[in-house]
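S.K.: Could you have a look at this structure, given as structure tokens, before my questions?
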Amino acid sequence: MGILSGLKSLGLGSLENVSLFEEPKKKETEKAEQAAALKVAEKDLVYDRSFVCPVCDCSFTAKIMKSNKAKLLGTDADLRARYEGIDAAKYEVVMCPVCGYAALMRYFTGITSGQAKLIREKISQSVRIKPHDGEIYSYEEALQRYKLALVGAVVKHAKTSERAYICLKYAWLTRGYMESLQEEDQPDEKLIEELRGQENELLEHAYKGLKEARQTEMFPMCGMNEVTVDYLLAVLGARFQDFEMSIKLLSSIITSRSANPRIKDKAREMKDHVMREMKKNQE
């Protein structure tokens with residue numbers, strides 16, 4: 001006999017077998033379903049934008065992130081922005097599907113006739129591009145686009161800063177790819193390890209290139225002012241154990257009259273981190 005038996009005599013027979021406590025798993029399932037319903041779909045954060053290729057004059061569309069709709073969650077130490085529901089790095093490269101010319105969007109139209117000729121001779125004549133089919137770019141597609149942007153920058157003899165900036169964004173893409181793989185039930189550990197190695201190599205190239213560009217090019221550089229570039233160099237320098245240079249740059253930012261309070265705070269936090277890492281390295 002159940003503890004609620006007899007409710008029928010009270011006209012509540014349908015409640016005789018009611019569960020006293022809701023199953024925890026049911027609550028978790030409902031919460032997961034609610035979270036999934038509220039989650040922003042990546043396809044809703046991109047749109048097709050029209051371009052005319054400066055190399056072959058063909059018209060095409062490329063998917064671009066709706067920056068005004070994507071919710072910023074925060075930034076990594078090296079200034080990589082993290083958004084809800086989308087990896088911005090996937091949509092930074094514009095690529096012509098006809099001739100294979102690719103570049104970061106800020107550099108896509110800024111190409112001389114001589115550079116266009118080099119792209120046609122060394123890339124367009126041989127490149128084979130698979131047509132895109134889908135509402136978003138996959139990480140595999142985005143990786144291919146970055147590879148074409150980077151080799152294109154080398155072929156057209158782009159500025160050192162442009163090549164370094166591509167390496168930085170490319171590294172952010174590999175990091176995002178790793179993060180997405182790590183969220184899977186059975187992560188591909190081998191691929192994750194390969195991507196980790198690529199990220200490190202790309203950041204090393206970015207560091208080397210930005211250091212060189214810092215000495216030879218004028219500001220703004222890649223859309224960044226001097227303080228931002230110095231902060232980025234300090235972060236990358238710390239990663240590759242160039243601690244003295246990192247601390248020197250961070251100290252100059254902290255005492256700079258032109259640096260805003262936000263980046264000064266970031267510089268103080270990073271300086272404390274670098275000091276700790278330097279101490280560990282000396283022990």
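Naming scheme: A, B, ... for chains in displayed order of the structure tokens; residues 1 onward per chain; ligands 1 onward as shown.
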Using only C-alpha atoms, determine which residues lie at most 12 Å from Pro97 of chain A, disregarding the query and same-chain residues fewer than 2 positions distant; provide the list as a PyMOL selection string.
M.R.: chain A and resi 51-53+55-62+94-95+99-102+124+127-132+144-145+148
S.K.: Go through A:Leu79, A:Ala89, A:Leu203, A:Leu45 and flag the residue nearest Ile263 of chain A, using only C-alpha atoms for the distances.
M.R.: A:Leu79
S.K.: Produce a table with one row for each residue of segment 78-130 of chain A that has an atom at most 7 Å from any atom of segment 67-73 of chain A, each row naming the nearest atom pair and its distance in Å at one decimal; use only C-alpha atoms; arrange rows by chain and rising residue number; format as a Markdown table.
M.R.:
| residue | atom | partner | partner_atom | distance |
| --- | --- | --- | --- | --- |
| A:Arg82 | CA | A:Leu73 | CA | 5.5 |
| A:Tyr83 | CA | A:Leu72 | CA | 4.5 |
| A:Glu84 | CA | A:Lys71 | CA | 5.5 |
S.K.: Quick one: write out the picked residues with all heavy atoms as an mmCIF file, in the first residue's frame?
M.R.:
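Below you can see result_10.cif, which holds the result:
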data_model
loop_
_atom_site.group_PDB
_atom_site.id
_atom_site.type_symbol
_atom_site.label_atom_id
_atom_site.label_comp_id
_atom_site.auth_asym_id
_atom_site.auth_seq_id
_atom_site.Cartn_x
_atom_site.Cartn_y
_atom_site.Cartn_z
ATOM 1 N N ARG A 82 36.658 36.617 -27.941
ATOM 2 C CA ARG A 82 35.798 35.427 -27.882
ATOM 3 C C ARG A 82 34.339 35.871 -27.859
ATOM 4 O O ARG A 82 33.950 36.700 -27.040
ATOM 5 C CB ARG A 82 36.121 34.597 -26.639
ATOM 6 C CG ARG A 82 37.465 33.884 -26.709
ATOM 7 C CD ARG A 82 37.764 33.103 -25.438
ATOM 8 N NE ARG A 82 38.202 33.985 -24.358
ATOM 9 C CZ ARG A 82 37.452 34.356 -23.345
ATOM 10 N NH1 ARG A 82 36.210 33.923 -23.246
ATOM 11 N NH2 ARG A 82 37.926 35.150 -22.407
ATOM 12 N N TYR A 83 33.559 35.319 -28.798
ATOM 13 C CA TYR A 83 32.156 35.671 -28.921
ATOM 14 C C TYR A 83 31.259 34.464 -28.645
ATOM 15 O O TYR A 83 31.677 33.316 -28.800
ATOM 16 C CB TYR A 83 31.856 36.172 -30.335
ATOM 17 C CG TYR A 83 32.535 37.473 -30.689
ATOM 18 C CD1 TYR A 83 33.797 37.488 -31.277
ATOM 19 C CD2 TYR A 83 31.909 38.694 -30.442
ATOM 20 C CE1 TYR A 83 34.420 38.680 -31.610
ATOM 21 C CE2 TYR A 83 32.529 39.898 -30.766
ATOM 22 C CZ TYR A 83 33.785 39.884 -31.348
ATOM 23 O OH TYR A 83 34.385 41.068 -31.661
ATOM 24 N N GLU A 84 30.040 34.757 -28.257
ATOM 25 C CA GLU A 84 29.069 33.690 -28.019
ATOM 26 C C GLU A 84 28.557 33.141 -29.354
ATOM 27 O O GLU A 84 28.060 33.897 -30.194
ATOM 28 C CB GLU A 84 27.888 34.220 -27.204
ATOM 29 C CG GLU A 84 26.846 33.165 -26.883
ATOM 30 C CD GLU A 84 25.662 33.710 -26.099
ATOM 31 O OE1 GLU A 84 25.614 34.934 -25.861
ATOM 32 O OE2 GLU A 84 24.794 32.902 -25.728
#
S.K.: So the first atom is atom CA of Arg268 of chain A and the second is atom CA of Thr75 of chain A; what is the distance between them in Å, to one decimal place?
M.R.: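 According to the coordinates, atom CA of Arg268 of chain A and atom CA of Thr75 of chain A are separated by 16.0 Å.
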S.K.: Using only C-alpha atoms, which residues sit within 12 Å of Ser256 of chain A once same-chain residues fewer than 5 positions away are excluded, as a PDB file with N, CA, C and O atoms, in the first residue's frame?
M.R.:
ATOM      1  N   GLU A 226      50.439  52.236 -31.422  1.00  0.00           N
ATOM      2  CA  GLU A 226      51.727  51.802 -30.866  1.00  0.00           C
ATOM      3  C   GLU A 226      51.566  51.078 -29.528  1.00  0.00           C
ATOM      4  O   GLU A 226      52.218  50.054 -29.279  1.00  0.00           O
ATOM      5  N   VAL A 227      50.684  51.580 -28.670  1.00  0.00           N
ATOM      6  CA  VAL A 227      50.487  50.967 -27.353  1.00  0.00           C
ATOM      7  C   VAL A 227      49.956  49.545 -27.489  1.00  0.00           C
ATOM      8  O   VAL A 227      50.415  48.623 -26.809  1.00  0.00           O
ATOM      9  N   THR A 228      48.990  49.338 -28.383  1.00  0.00           N
ATOM     10  CA  THR A 228      48.408  48.007 -28.580  1.00  0.00           C
ATOM     11  C   THR A 228      49.428  47.030 -29.121  1.00  0.00           C
ATOM     12  O   THR A 228      49.513  45.878 -28.670  1.00  0.00           O
ATOM     13  N   ASP A 230      52.668  47.224 -28.770  1.00  0.00           N
ATOM     14  CA  ASP A 230      53.640  46.951 -27.708  1.00  0.00           C
ATOM     15  C   ASP A 230      53.082  45.958 -26.688  1.00  0.00           C
ATOM     16  O   ASP A 230      53.802  45.086 -26.193  1.00  0.00           O
ATOM     17  N   TYR A 231      51.808  46.100 -26.362  1.00  0.00           N
ATOM     18  CA  TYR A 231      51.186  45.158 -25.426  1.00  0.00           C
ATOM     19  C   TYR A 231      51.189  43.747 -26.017  1.00  0.00           C
ATOM     20  O   TYR A 231      51.521  42.778 -25.336  1.00  0.00           O
ATOM     21  N   LEU A 249      58.435  46.505 -22.118  1.00  0.00           N
ATOM     22  CA  LEU A 249      57.306  47.041 -22.874  1.00  0.00           C
ATOM     23  C   LEU A 249      56.099  47.297 -21.965  1.00  0.00           C
ATOM     24  O   LEU A 249      55.427  48.324 -22.077  1.00  0.00           O
ATOM     25  N   LEU A 250      55.829  46.373 -21.067  1.00  0.00           N
ATOM     26  CA  LEU A 250      54.697  46.527 -20.160  1.00  0.00           C
ATOM     27  C   LEU A 250      54.897  47.723 -19.229  1.00  0.00           C
ATOM     28  O   LEU A 250      53.951  48.472 -18.954  1.00  0.00           O
ATOM     29  N   SER A 251      56.125  47.919 -18.765  1.00  0.00           N
ATOM     30  CA  SER A 251      56.428  49.057 -17.892  1.00  0.00           C
ATOM     31  C   SER A 251      56.202  50.373 -18.622  1.00  0.00           C
ATOM     32  O   SER A 251      55.685  51.346 -18.044  1.00  0.00           O
ATOM     33  N   PRO A 261      43.243  53.750 -19.481  1.00  0.00           N
ATOM     34  CA  PRO A 261      43.262  53.009 -18.212  1.00  0.00           C
ATOM     35  C   PRO A 261      43.047  51.500 -18.386  1.00  0.00           C
ATOM     36  O   PRO A 261      43.624  50.711 -17.641  1.00  0.00           O
ATOM     37  N   ILE A 263      43.932  49.405 -20.883  1.00  0.00           N
ATOM     38  CA  ILE A 263      45.109  48.647 -21.301  1.00  0.00           C
ATOM     39  C   ILE A 263      46.219  48.756 -20.255  1.00  0.00           C
ATOM     40  O   ILE A 263      47.047  47.856 -20.120  1.00  0.00           O
ATOM     41  N   LYS A 264      46.212  49.834 -19.478  1.00  0.00           N
ATOM     42  CA  LYS A 264      47.177  49.942 -18.380  1.00  0.00           C
ATOM     43  C   LYS A 264      46.911  48.867 -17.330  1.00  0.00           C
ATOM     44  O   LYS A 264      47.846  48.251 -16.799  1.00  0.00           O
ATOM     45  N   ALA A 267      48.083  45.655 -18.663  1.00  0.00           N
ATOM     46  CA  ALA A 267      49.545  45.621 -18.629  1.00  0.00           C
ATOM     47  C   ALA A 267      50.051  45.297 -17.226  1.00  0.00           C
ATOM     48  O   ALA A 267      51.016  44.540 -17.061  1.00  0.00           O
TER      49      ALA A 267
END
S.K.: Apply DSSP to the backbone of this structure and, from segment 85-186 of chain A, keep only the residues in helix (DSSP H, G or I); write these as a PyMOL selection string.
M.R.: chain A and resi 88-91+105-107+113-124+139-155+160-182
S.K.: I'd like the neighbourhood of Cys222 of chain A as a list in words, where a residue qualifies if any of its atoms comes within 12 Å (using only C-alpha atoms), though same-chain residues fewer than 6 positions away should be ignored.
M.R.: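 After dropping sequence-adjacent residues, the list is Leu104, Met105, Arg106, Tyr107, Lys159, Thr160, Ser161, Glu162, Arg163, Ala164, Tyr165, Ile166, Leu168, Lys169, Leu210, Ala213, Arg214, Thr228 and Val229 of chain A.
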S.K.: Take the residues from that selection and put them in a file with N, CA and C atoms, as a PDB file, in the first residue's frame.
M.R.:
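Saved file out_2.pdb follows:
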ATOM      1  N   LEU A 104      43.215  38.986 -45.556  1.00  0.00           N
ATOM      2  CA  LEU A 104      42.365  39.487 -44.481  1.00  0.00           C
ATOM      3  C   LEU A 104      41.528  40.629 -45.048  1.00  0.00           C
ATOM      4  N   MET A 105      40.313  40.779 -44.578  1.00  0.00           N
ATOM      5  CA  MET A 105      39.387  41.737 -45.177  1.00  0.00           C
ATOM      6  C   MET A 105      39.960  43.143 -45.236  1.00  0.00           C
ATOM      7  N   ARG A 106      40.718  43.565 -44.227  1.00  0.00           N
ATOM      8  CA  ARG A 106      41.257  44.922 -44.216  1.00  0.00           C
ATOM      9  C   ARG A 106      42.286  45.145 -45.326  1.00  0.00           C
ATOM     10  N   TYR A 107      42.845  44.048 -45.859  1.00  0.00           N
ATOM     11  CA  TYR A 107      43.870  44.171 -46.898  1.00  0.00           C
ATOM     12  C   TYR A 107      43.383  43.739 -48.278  1.00  0.00           C
ATOM     13  N   LYS A 159      53.717  43.675 -46.783  1.00  0.00           N
ATOM     14  CA  LYS A 159      54.488  44.195 -45.653  1.00  0.00           C
ATOM     15  C   LYS A 159      54.665  43.123 -44.582  1.00  0.00           C
ATOM     16  N   THR A 160      55.739  43.247 -43.845  1.00  0.00           N
ATOM     17  CA  THR A 160      56.005  42.299 -42.760  1.00  0.00           C
ATOM     18  C   THR A 160      54.854  42.287 -41.756  1.00  0.00           C
ATOM     19  N   SER A 161      54.294  43.451 -41.470  1.00  0.00           N
ATOM     20  CA  SER A 161      53.202  43.538 -40.500  1.00  0.00           C
ATOM     21  C   SER A 161      51.981  42.760 -40.974  1.00  0.00           C
ATOM     22  N   GLU A 162      51.680  42.812 -42.262  1.00  0.00           N
ATOM     23  CA  GLU A 162      50.525  42.080 -42.791  1.00  0.00           C
ATOM     24  C   GLU A 162      50.731  40.584 -42.637  1.00  0.00           C
ATOM     25  N   ARG A 163      51.917  40.114 -42.981  1.00  0.00           N
ATOM     26  CA  ARG A 163      52.198  38.678 -42.852  1.00  0.00           C
ATOM     27  C   ARG A 163      52.149  38.242 -41.382  1.00  0.00           C
ATOM     28  N   ALA A 164      52.674  39.078 -40.498  1.00  0.00           N
ATOM     29  CA  ALA A 164      52.650  38.759 -39.073  1.00  0.00           C
ATOM     30  C   ALA A 164      51.220  38.733 -38.541  1.00  0.00           C
ATOM     31  N   TYR A 165      50.407  39.665 -39.012  1.00  0.00           N
ATOM     32  CA  TYR A 165      49.024  39.761 -38.555  1.00  0.00           C
ATOM     33  C   TYR A 165      48.209  38.549 -39.017  1.00  0.00           C
ATOM     34  N   ILE A 166      48.472  38.078 -40.232  1.00  0.00           N
ATOM     35  CA  ILE A 166      47.811  36.862 -40.715  1.00  0.00           C
ATOM     36  C   ILE A 166      48.193  35.686 -39.824  1.00  0.00           C
ATOM     37  N   LEU A 168      49.029  35.781 -36.720  1.00  0.00           N
ATOM     38  CA  LEU A 168      48.356  35.942 -35.437  1.00  0.00           C
ATOM     39  C   LEU A 168      46.901  35.470 -35.517  1.00  0.00           C
ATOM     40  N   LYS A 169      46.183  35.935 -36.549  1.00  0.00           N
ATOM     41  CA  LYS A 169      44.779  35.544 -36.712  1.00  0.00           C
ATOM     42  C   LYS A 169      44.659  34.048 -36.993  1.00  0.00           C
ATOM     43  N   LEU A 210      56.095  40.984 -36.049  1.00  0.00           N
ATOM     44  CA  LEU A 210      55.697  42.247 -35.424  1.00  0.00           C
ATOM     45  C   LEU A 210      56.891  42.991 -34.820  1.00  0.00           C
ATOM     46  N   ALA A 213      58.495  44.603 -37.831  1.00  0.00           N
ATOM     47  CA  ALA A 213      57.654  45.682 -38.339  1.00  0.00           C
ATOM     48  C   ALA A 213      57.670  46.883 -37.396  1.00  0.00           C
ATOM     49  N   ARG A 214      57.763  46.612 -36.103  1.00  0.00           N
ATOM     50  CA  ARG A 214      57.799  47.681 -35.081  1.00  0.00           C
ATOM     51  C   ARG A 214      58.972  48.623 -35.312  1.00  0.00           C
ATOM     52  N   THR A 228      48.990  49.338 -28.383  1.00  0.00           N
ATOM     53  CA  THR A 228      48.408  48.007 -28.580  1.00  0.00           C
ATOM     54  C   THR A 228      49.428  47.030 -29.121  1.00  0.00           C
ATOM     55  N   VAL A 229      50.222  47.480 -30.088  1.00  0.00           N
ATOM     56  CA  VAL A 229      51.267  46.611 -30.655  1.00  0.00           C
ATOM     57  C   VAL A 229      52.289  46.247 -29.589  1.00  0.00           C
TER      58      VAL A 229
END
S.K.: When you draw a straight line from atom CA of Ile111 of chain A to atom CA of Ala206 of chain A, how long is it in Å?
M.R.: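 That distance, rounded to one decimal, is 21.5 Å.
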